[in-house]
>>> print(open('run34.txt').read())   # compact mmCIF, C-alpha atoms and all ligand atoms
# COMPACT_ATOMS: atom_id res chain seq x y z
CA SER A 1009 -21.38 20.04 -0.24
CA PRO A 1010 -17.67 19.38 -0.85
CA ASN A 1011 -17.90 19.66 -4.62
CA GLN A 1012 -19.73 22.98 -4.74
CA ILE A 1013 -17.28 25.85 -5.09
CA ALA A 1014 -19.07 29.06 -4.07
CA ALA A 1015 -16.11 31.41 -4.46
CA ARG A 1016 -12.51 31.21 -5.55
CA HIS A 1017 -9.63 33.49 -4.62
CA VAL A 1018 -5.95 33.13 -5.52
CA ILE A 1019 -3.21 34.72 -3.44
CA PRO A 1020 0.39 34.70 -4.66
CA THR A 1021 2.70 32.89 -2.21
CA ARG A 1022 5.12 35.26 -0.46
CA GLY A 1023 6.45 34.99 3.07
CA PRO A 1024 4.17 33.10 5.50
CA ALA A 1025 3.16 36.09 7.66
CA GLU A 1026 1.73 38.21 4.85
CA THR A 1027 0.38 35.29 2.78
CA LEU A 1028 -1.47 33.66 5.69
CA ALA A 1029 -2.76 37.01 7.01
CA GLU A 1030 -4.19 37.85 3.58
CA ALA A 1031 -5.81 34.39 3.29
CA ALA A 1032 -7.33 34.58 6.78
CA ALA A 1033 -8.66 38.09 6.07
CA TRP A 1034 -10.35 36.83 2.90
CA PHE A 1035 -12.04 33.97 4.76
CA ALA A 1036 -13.10 36.32 7.56
CA ALA A 1037 -14.92 38.46 4.97
CA GLN A 1038 -16.96 35.47 3.68
CA PRO A 1039 -20.23 34.17 5.16
CA PRO A 1040 -19.48 32.45 8.51
CA LEU A 1041 -17.46 29.23 8.18
CA ARG A 1042 -18.17 26.03 10.11
CA ALA A 1043 -14.76 24.52 9.41
CA LEU A 1044 -11.66 25.03 7.30
CA GLY A 1045 -9.75 22.42 5.28
CA ILE A 1046 -6.14 22.90 4.22
CA ALA A 1047 -4.44 20.81 1.50
CA SER A 1048 -0.91 22.14 1.79
CA PHE A 1049 2.36 21.87 -0.05
CA GLY A 1050 4.74 19.73 1.97
CA PRO A 1051 6.51 18.31 3.70
CA VAL A 1052 4.11 18.68 6.63
CA GLU A 1053 3.56 17.05 10.03
CA LEU A 1054 0.41 14.88 9.90
CA ASP A 1055 0.74 13.02 13.21
CA ARG A 1056 -2.00 14.34 15.48
CA GLY A 1057 -0.10 13.06 18.50
CA CYS A 1058 2.87 15.27 17.62
CA ALA A 1059 3.28 18.82 18.96
CA ASN A 1060 4.19 19.93 15.43
CA TRP A 1061 0.93 18.69 13.88
CA GLY A 1062 -0.34 21.13 11.27
CA ARG A 1063 3.05 22.62 10.51
CA ILE A 1064 5.21 22.71 7.42
CA THR A 1065 8.39 20.86 8.44
CA THR A 1066 11.48 21.46 6.31
CA THR A 1067 11.21 23.36 3.05
CA PRO A 1068 13.53 25.44 0.88
CA LYS A 1069 10.74 28.06 0.53
CA PRO A 1070 12.13 31.09 2.43
CA GLY A 1071 10.47 31.58 5.84
CA TRP A 1072 8.09 28.61 5.57
CA ALA A 1073 10.09 26.00 7.52
CA GLN A 1074 8.27 25.14 10.78
CA CYS A 1075 5.38 27.45 9.82
CA ASP A 1076 2.31 26.66 11.96
CA ILE A 1077 -0.34 26.81 9.21
CA VAL A 1078 -3.15 25.13 11.14
CA GLY A 1079 -2.48 27.17 14.29
CA HIS A 1080 -2.57 30.40 12.33
CA PHE A 1081 -6.02 29.72 10.84
CA ALA A 1082 -7.44 28.14 14.01
CA ARG A 1083 -6.54 31.31 15.94
CA ALA A 1084 -7.65 33.71 13.19
CA LEU A 1085 -10.98 32.04 12.35
CA GLY A 1086 -11.91 30.06 15.48
CA VAL A 1087 -13.19 27.00 13.60
CA PRO A 1088 -12.03 23.35 13.41
CA VAL A 1089 -9.26 22.92 10.82
CA GLY A 1090 -8.62 19.78 8.74
CA PHE A 1091 -5.13 19.37 7.35
CA ASP A 1092 -3.25 17.16 4.89
CA THR A 1093 -0.91 17.45 1.93
CA ASP A 1094 -2.16 18.87 -1.37
CA VAL A 1095 -1.86 15.50 -3.10
CA ASN A 1096 -3.43 13.53 -0.24
CA GLY A 1097 -6.32 16.02 -0.41
CA ALA A 1098 -6.60 15.50 -4.16
CA ALA A 1099 -6.50 11.71 -3.68
CA LEU A 1100 -9.30 11.94 -1.12
CA ALA A 1101 -11.42 14.09 -3.45
CA GLU A 1102 -10.88 11.86 -6.49
CA HIS A 1103 -11.82 8.88 -4.31
CA GLU A 1104 -14.97 10.41 -2.83
CA LEU A 1105 -16.19 12.53 -5.72
CA GLY A 1106 -14.13 11.95 -8.86
CA ALA A 1107 -12.57 9.20 -10.95
CA GLY A 1108 -12.35 6.73 -8.05
CA LYS A 1109 -15.91 7.09 -6.76
CA GLY A 1110 -17.19 3.71 -5.57
CA LEU A 1111 -13.72 2.08 -5.48
CA SER A 1112 -11.87 1.14 -2.27
CA SER A 1113 -8.38 2.16 -3.42
CA LEU A 1114 -6.83 4.89 -5.50
CA ALA A 1115 -3.53 6.66 -6.12
CA TYR A 1116 -3.40 10.29 -7.22
CA VAL A 1117 -0.18 11.64 -8.71
CA THR A 1118 0.42 15.17 -9.93
CA VAL A 1119 3.00 15.67 -12.67
CA GLY A 1120 3.85 19.36 -12.86
CA THR A 1121 6.58 21.52 -11.34
CA GLY A 1122 7.26 18.45 -9.20
CA ILE A 1123 5.87 14.92 -8.99
CA GLY A 1124 3.96 13.98 -5.86
CA GLY A 1125 1.27 11.51 -4.97
CA GLY A 1126 -1.23 10.41 -2.37
CA LEU A 1127 -2.84 7.04 -1.72
CA VAL A 1128 -6.29 6.03 -0.52
CA SER A 1129 -6.64 2.43 0.62
CA GLU A 1130 -9.85 0.88 1.99
CA GLY A 1131 -11.31 4.38 1.94
CA ARG A 1132 -8.57 6.02 4.05
CA VAL A 1133 -5.71 8.34 3.11
CA ILE A 1134 -2.38 6.62 3.87
CA HIS A 1135 -0.05 8.59 6.15
CA GLY A 1136 2.44 6.08 7.54
CA ALA A 1137 5.57 7.73 8.99
CA ALA A 1138 4.67 11.04 7.33
CA HIS A 1139 3.25 10.91 3.81
CA PRO A 1140 4.35 9.20 0.58
CA GLU A 1141 6.93 10.90 -1.67
CA ILE A 1142 6.38 8.76 -4.71
CA GLY A 1143 7.98 11.30 -7.06
CA HIS A 1144 11.38 10.38 -5.64
CA ILE A 1145 11.61 6.74 -6.73
CA PHE A 1146 14.27 5.66 -9.21
CA PRO A 1147 12.98 4.52 -12.62
CA ARG A 1148 14.80 2.49 -15.26
CA ARG A 1149 16.31 4.80 -17.90
CA PRO A 1150 14.76 4.16 -21.33
CA PRO A 1151 16.96 3.97 -24.45
CA GLY A 1152 17.79 7.48 -25.68
CA ASP A 1153 17.58 9.05 -22.22
CA ALA A 1154 20.59 7.57 -20.45
CA GLU A 1155 22.72 10.74 -20.34
CA PHE A 1156 20.54 13.42 -18.73
CA ALA A 1157 21.66 13.92 -15.12
CA GLY A 1158 18.18 14.88 -13.84
CA THR A 1159 17.01 18.00 -11.99
CA CYS A 1160 16.18 16.78 -8.48
CA PRO A 1161 18.40 18.71 -6.03
CA HIS A 1162 18.44 15.67 -3.72
CA HIS A 1163 18.66 12.69 -6.09
CA GLY A 1164 19.42 13.92 -9.59
CA ASP A 1165 17.73 11.28 -11.72
CA CYS A 1166 14.79 10.25 -9.55
CA LEU A 1167 11.38 10.28 -11.28
CA GLU A 1168 10.78 13.96 -10.46
CA GLY A 1169 14.28 14.77 -11.71
CA LEU A 1170 13.48 13.06 -15.03
CA ALA A 1171 9.79 13.55 -15.81
CA SER A 1172 8.55 16.72 -14.06
CA GLY A 1173 7.84 19.89 -16.05
CA PRO A 1174 11.22 21.48 -15.17
CA ALA A 1175 13.07 18.25 -16.09
CA ILE A 1176 11.33 18.22 -19.50
CA GLU A 1177 12.20 21.88 -20.12
CA ALA A 1178 15.80 21.34 -18.97
CA ARG A 1179 16.62 18.78 -21.66
CA TRP A 1180 14.26 19.63 -24.52
CA GLY A 1181 13.93 23.41 -24.08
CA ALA A 1182 10.11 23.47 -24.07
CA SER A 1183 7.12 22.04 -22.25
CA LEU A 1184 5.87 18.67 -23.52
CA SER A 1185 2.70 20.19 -24.99
CA ARG A 1186 4.81 22.60 -27.08
CA LEU A 1187 7.02 19.89 -28.58
CA PRO A 1188 5.83 18.36 -31.89
CA ALA A 1189 3.69 15.21 -31.59
CA ASP A 1190 6.45 13.07 -33.16
CA HIS A 1191 9.18 14.36 -30.77
CA PRO A 1192 10.92 11.53 -28.87
CA ALA A 1193 10.24 13.36 -25.56
CA HIS A 1194 6.64 12.09 -25.60
CA GLY A 1195 7.76 8.45 -25.61
CA VAL A 1196 10.43 9.04 -22.95
CA VAL A 1197 8.05 10.80 -20.53
CA ALA A 1198 5.33 8.20 -21.15
CA ASP A 1199 7.88 5.47 -20.37
CA TYR A 1200 8.76 7.03 -17.01
CA LEU A 1201 5.13 7.60 -16.07
CA GLY A 1202 4.18 4.11 -17.27
CA GLN A 1203 6.86 2.73 -14.94
CA LEU A 1204 5.41 4.85 -12.13
CA CYS A 1205 1.89 3.48 -12.68
CA HIS A 1206 3.18 -0.10 -12.86
CA THR A 1207 5.12 0.45 -9.61
CA ILE A 1208 2.00 1.81 -7.91
CA PHE A 1209 -0.15 -1.12 -9.06
CA ALA A 1210 2.56 -3.59 -8.04
CA THR A 1211 3.22 -2.09 -4.59
CA THR A 1212 -0.22 -0.87 -3.48
CA ALA A 1213 -2.72 -2.98 -5.44
CA SER A 1214 -4.59 0.27 -6.15
CA GLU A 1215 -7.45 -0.19 -8.58
CA ILE A 1216 -6.84 3.13 -10.26
CA VAL A 1217 -4.07 5.68 -10.79
CA VAL A 1218 -5.28 9.23 -11.39
CA LEU A 1219 -2.68 11.42 -13.10
CA GLY A 1220 -3.14 15.17 -12.71
CA GLY A 1221 -0.95 18.26 -13.03
CA GLY A 1222 0.16 20.49 -15.90
CA VAL A 1223 2.29 17.95 -17.79
CA MET A 1224 -0.68 15.56 -18.01
CA GLN A 1225 -2.61 18.14 -20.03
CA THR A 1226 -0.38 17.29 -23.00
CA PRO A 1227 -2.68 15.83 -25.69
CA GLY A 1228 -2.22 12.07 -26.09
CA LEU A 1229 -0.02 11.61 -23.01
CA ILE A 1230 -2.54 9.74 -20.86
CA GLU A 1231 -3.09 7.19 -23.67
CA ARG A 1232 0.68 6.70 -24.09
CA VAL A 1233 1.18 6.23 -20.34
CA ARG A 1234 -1.70 3.76 -20.14
CA ALA A 1235 -0.29 1.73 -23.04
CA ARG A 1236 3.26 1.74 -21.64
CA CYS A 1237 2.02 0.69 -18.19
CA ALA A 1238 0.09 -2.24 -19.68
CA GLU A 1239 3.13 -3.24 -21.75
CA LEU A 1240 5.46 -3.17 -18.72
CA GLY A 1241 3.00 -5.11 -16.55
CA ALA A 1242 2.75 -7.84 -19.22
CA GLY A 1243 -0.55 -9.01 -17.73
CA TYR A 1244 1.23 -10.48 -14.70
CA LEU A 1245 -0.26 -8.54 -11.80
CA PRO A 1246 -3.33 -10.03 -10.08
CA ALA A 1247 -6.50 -8.36 -11.36
CA SER A 1248 -4.49 -6.29 -13.84
CA ALA A 1249 -7.60 -6.17 -16.02
CA ARG A 1250 -9.15 -3.97 -13.31
CA HIS A 1251 -6.26 -1.51 -13.25
CA ARG A 1252 -6.99 1.84 -14.82
CA VAL A 1253 -4.85 4.91 -15.52
CA VAL A 1254 -7.02 8.01 -15.91
CA LEU A 1255 -7.10 11.81 -15.80
CA PRO A 1256 -8.77 13.46 -12.76
CA GLY A 1257 -12.56 13.21 -12.69
CA LEU A 1258 -12.64 16.62 -10.99
CA GLY A 1259 -10.42 18.31 -13.59
CA GLN A 1260 -8.40 21.11 -11.98
CA ASN A 1261 -10.50 21.01 -8.79
CA SER A 1262 -9.21 17.83 -7.12
CA GLY A 1263 -7.07 19.75 -4.61
CA ILE A 1264 -9.74 22.32 -3.76
CA CYS A 1265 -12.45 19.67 -3.31
CA GLY A 1266 -9.96 17.69 -1.19
CA ALA A 1267 -9.49 20.69 1.10
CA MET A 1268 -13.28 20.98 1.45
CA LEU A 1269 -13.51 17.30 2.38
CA LEU A 1270 -10.74 17.78 4.95
CA GLY A 1271 -12.77 20.67 6.40
CA ALA A 1272 -15.89 18.49 6.55
CA ASN A 1273 -13.88 15.71 8.21
CA ALA A 1274 -12.63 18.19 10.83
CA LEU A 1275 -16.23 18.48 12.07
CA ARG A 1276 -16.38 14.75 12.88
CA PRO A 1277 -15.49 13.57 16.39
CA THR A 1278 -12.52 11.55 15.08
CA PRO A 1279 -11.13 13.29 11.99
CA ALA A 1280 -10.51 10.81 9.18
CA GLY A 1281 -8.40 13.10 6.98
ZN ZN A 1301 14.29 13.31 -5.93
>>> encode(input="run34.txt", output="structure tokens")
Amino acid sequence: SPNQIAARHVIPTRGPAETLAEAAAWFAAQPPLRALGIASFGPVELDRGCANWGRITTTPKPGWAQCDIVGHFARALGVPVGFDTDVNGAALAEHELGAGKGLSSLAYVTVGTGIGGGLVSEGRVIHGAAHPEIGHIFPRRPPGDAEFAGTCPHHGDCLEGLASGPAIEARWGASLSRLPADHPAHGVVADYLGQLCHTIFATTASEIVVLGGGVMQTPGLIERVRARCAELGAGYLPASARHRVVLPGLGQNSGICGAMLLGANALRPTPAG
């Protein structure tokens, strides 16, 4: 079952050859697998009609650009492999097993070392031209935070450049959970994430936004984001009473459960992941 974790093993990320070989060796030593699911960091190629399907595309991580992740495991383990981004996997898991169980639509966004999100609509993960990169939208700057240039190497003050863990550390010198409860950083970050949730509700009509990642473990943040989102929406959006902003129902396991669902989907005749 895709929410039963029988064993857990963490391998530090190094170059692709040694990291993937160590991962494949670990799986090979487990009881026989029927399928493998991979919820990968991105950007990745998700178009099954494309020769590069299952590969990392461009990445600053040394050696990982064009790495054929799916091909490596398919050859090493000889089982069907399901593949998607880490956040699409987490969105799928929260939809099937977690906070969005029983709903038709959901957005999952992780707020941590970066900001990234995945969408499920009518029960399917949205791919489009590649996959969403919702962390790189441009929010309105709240009062008191107009000066900070932002940390995104591509855009400066996009959402990730303003509200990710590294962006918080860069201007306030500590993680959000280490800053005092009355520090203005809490209101600023909640404003940005409230804008994000409003934007998701307004553009996707998702019923629920699930916010995961390290920054969201800050006590009180989810309540602040929820309140700010409601304030910004001003009750205008259709069915706004049904909109909910919540923490992951699967806790820290959304991504892992997502990978297991992708593996299960790989056993179907037409993979849905
Ligand atoms: Zn950016």
>>> residues_around(input="run34.txt", residues="stretch 1139-1141 of chain A", least_positions_apart="3", cutoff="8 Å", atoms="only C-alpha atoms", output="ChimeraX atom specification")
/A:1054,1093,1124-1127,1134-1136,1144
>>> atom_distance(input="run34.txt", atom1="atom CA of A:Ile1077", atom2="atom CA of A:Val1133")
20.2 Å
>>> atom_distance(input="run34.txt", atom1="atom CA of A:Gly1131", atom2="atom CA of A:Val1254")
18.7 Å
>>> closest_atom_pairs(input="run34.txt", of="chain A", to="ligand ZN 1301 (chain A)", cutoff="6 Å", atoms="all atoms listed in the file", output="Markdown table")
| residue | atom | partner | partner_atom | distance |
| --- | --- | --- | --- | --- |
| A:His1144 | CA | A:ZN1301 | ZN | 4.1 |
| A:Cys1160 | CA | A:ZN1301 | ZN | 4.7 |
| A:His1162 | CA | A:ZN1301 | ZN | 5.3 |
| A:His1163 | CA | A:ZN1301 | ZN | 4.4 |
| A:Cys1166 | CA | A:ZN1301 | ZN | 4.8 |
| A:Glu1168 | CA | A:ZN1301 | ZN | 5.8 |
| A:Gly1169 | CA | A:ZN1301 | ZN | 6.0 |
>>> residues_near_point(input="run34.txt", point="(11.6, 7.6, -13.5)", cutoff="6 Å", atoms="only C-alpha atoms", output="list of chain:residue names")
A:Phe1146, A:Pro1147, A:Cys1166, A:Leu1167, A:Leu1170, A:Tyr1200
>>> atom_distance(input="run34.txt", atom1="atom CA of A:Leu1201", atom2="atom CA of A:Val1233")
6.0 Å
>>> residues_around(input="run34.txt", residues="A:Ser1262", least_positions_apart="3", cutoff="8 Å", atoms="only C-alpha atoms", output="tab-separated table (two decimals) with C-alpha atoms, keeping the file's coordinate frame")
chain	number	residue	atom	x	y	z
A	1097	GLY	CA	-6.32	16.02	-0.41
A	1098	ALA	CA	-6.60	15.50	-4.16
A	1099	ALA	CA	-6.50	11.71	-3.68
A	1101	ALA	CA	-11.42	14.09	-3.45
A	1102	GLU	CA	-10.88	11.86	-6.49
A	1106	GLY	CA	-14.13	11.95	-8.86
A	1256	PRO	CA	-8.77	13.46	-12.76
A	1257	GLY	CA	-12.56	13.21	-12.69
A	1258	LEU	CA	-12.64	16.62	-10.99
A	1259	GLY	CA	-10.42	18.31	-13.59
A	1265	CYS	CA	-12.45	19.67	-3.31
A	1266	GLY	CA	-9.96	17.69	-1.19
>>> closest_residue(input="run34.txt", among="A:Thr1065, A:Thr1118, A:Gln1260, A:Ser1183", to="A:Val1217", atoms="only C-alpha atoms")
A:Thr1118
>>> closest_residue(input="run34.txt", among="A:His1080, A:Leu1187, A:Ala1235, A:Arg1056", to="A:Ala1031", atoms="all atoms listed in the file")
A:His1080
>>> residues_around(input="run34.txt", residues="A:Pro1070", least_positions_apart="3", cutoff="8 Å", atoms="all atoms listed in the file", output="CSV table (one decimal) with C-alpha atoms, in the frame of the given file")
chain,number,residue,atom,x,y,z
A,1023,GLY,CA,6.4,35.0,3.1
A,1067,THR,CA,11.2,23.4,3.0
A,1073,ALA,CA,10.1,26.0,7.5
>>> closest_residue(input="run34.txt", among="A:Tyr1116, A:Trp1034, A:Phe1156, A:Trp1061", to="A:Cys1205", atoms="only C-alpha atoms")
A:Tyr1116
>>> residues_around(input="run34.txt", residues="A:Ala1171", least_positions_apart="6", cutoff="12 Å", atoms="only C-alpha atoms", output="CSV table (one decimal) with C-alpha atoms, keeping the file's coordinate frame")
chain,number,residue,atom,x,y,z
A,1118,THR,CA,0.4,15.2,-9.9
A,1119,VAL,CA,3.0,15.7,-12.7
A,1120,GLY,CA,3.8,19.4,-12.9
A,1121,THR,CA,6.6,21.5,-11.3
A,1122,GLY,CA,7.3,18.4,-9.2
A,1123,ILE,CA,5.9,14.9,-9.0
A,1124,GLY,CA,4.0,14.0,-5.9
A,1143,GLY,CA,8.0,11.3,-7.1
A,1144,HIS,CA,11.4,10.4,-5.6
A,1145,ILE,CA,11.6,6.7,-6.7
A,1146,PHE,CA,14.3,5.7,-9.2
A,1147,PRO,CA,13.0,4.5,-12.6
A,1149,ARG,CA,16.3,4.8,-17.9
A,1150,PRO,CA,14.8,4.2,-21.3
A,1153,ASP,CA,17.6,9.0,-22.2
A,1156,PHE,CA,20.5,13.4,-18.7
A,1157,ALA,CA,21.7,13.9,-15.1
A,1158,GLY,CA,18.2,14.9,-13.8
A,1159,THR,CA,17.0,18.0,-12.0
A,1160,CYS,CA,16.2,16.8,-8.5
A,1164,GLY,CA,19.4,13.9,-9.6
A,1165,ASP,CA,17.7,11.3,-11.7
A,1177,GLU,CA,12.2,21.9,-20.1
A,1178,ALA,CA,15.8,21.3,-19.0
A,1179,ARG,CA,16.6,18.8,-21.7
A,1180,TRP,CA,14.3,19.6,-24.5
A,1183,SER,CA,7.1,22.0,-22.2
A,1184,LEU,CA,5.9,18.7,-23.5
A,1193,ALA,CA,10.2,13.4,-25.6
A,1194,HIS,CA,6.6,12.1,-25.6
A,1195,GLY,CA,7.8,8.4,-25.6
A,1196,VAL,CA,10.4,9.0,-23.0
A,1197,VAL,CA,8.0,10.8,-20.5
A,1198,ALA,CA,5.3,8.2,-21.2
A,1199,ASP,CA,7.9,5.5,-20.4
A,1200,TYR,CA,8.8,7.0,-17.0
A,1201,LEU,CA,5.1,7.6,-16.1
A,1202,GLY,CA,4.2,4.1,-17.3
A,1203,GLN,CA,6.9,2.7,-14.9
A,1204,LEU,CA,5.4,4.8,-12.1
A,1222,GLY,CA,0.2,20.5,-15.9
A,1223,VAL,CA,2.3,18.0,-17.8
A,1224,MET,CA,-0.7,15.6,-18.0
>>> residues_near_point(input="run34.txt", point="(-5.0, 34.4, 15.3)", cutoff="12 Å", atoms="all atoms listed in the file", output="compact mmCIF listing (two decimals) with C-alpha atoms, in the coordinates of the input")
# COMPACT_ATOMS: atom_id res chain seq x y z
CA ALA A 1025 3.16 36.09 7.66
CA LEU A 1028 -1.47 33.66 5.69
CA ALA A 1029 -2.76 37.01 7.01
CA ALA A 1032 -7.33 34.58 6.78
CA ALA A 1033 -8.66 38.09 6.07
CA ALA A 1036 -13.10 36.32 7.56
CA ASP A 1076 2.31 26.66 11.96
CA ILE A 1077 -0.34 26.81 9.21
CA VAL A 1078 -3.15 25.13 11.14
CA GLY A 1079 -2.48 27.17 14.29
CA HIS A 1080 -2.57 30.40 12.33
CA PHE A 1081 -6.02 29.72 10.84
CA ALA A 1082 -7.44 28.14 14.01
CA ARG A 1083 -6.54 31.31 15.94
CA ALA A 1084 -7.65 33.71 13.19
CA LEU A 1085 -10.98 32.04 12.35
CA GLY A 1086 -11.91 30.06 15.48
CA VAL A 1087 -13.19 27.00 13.60
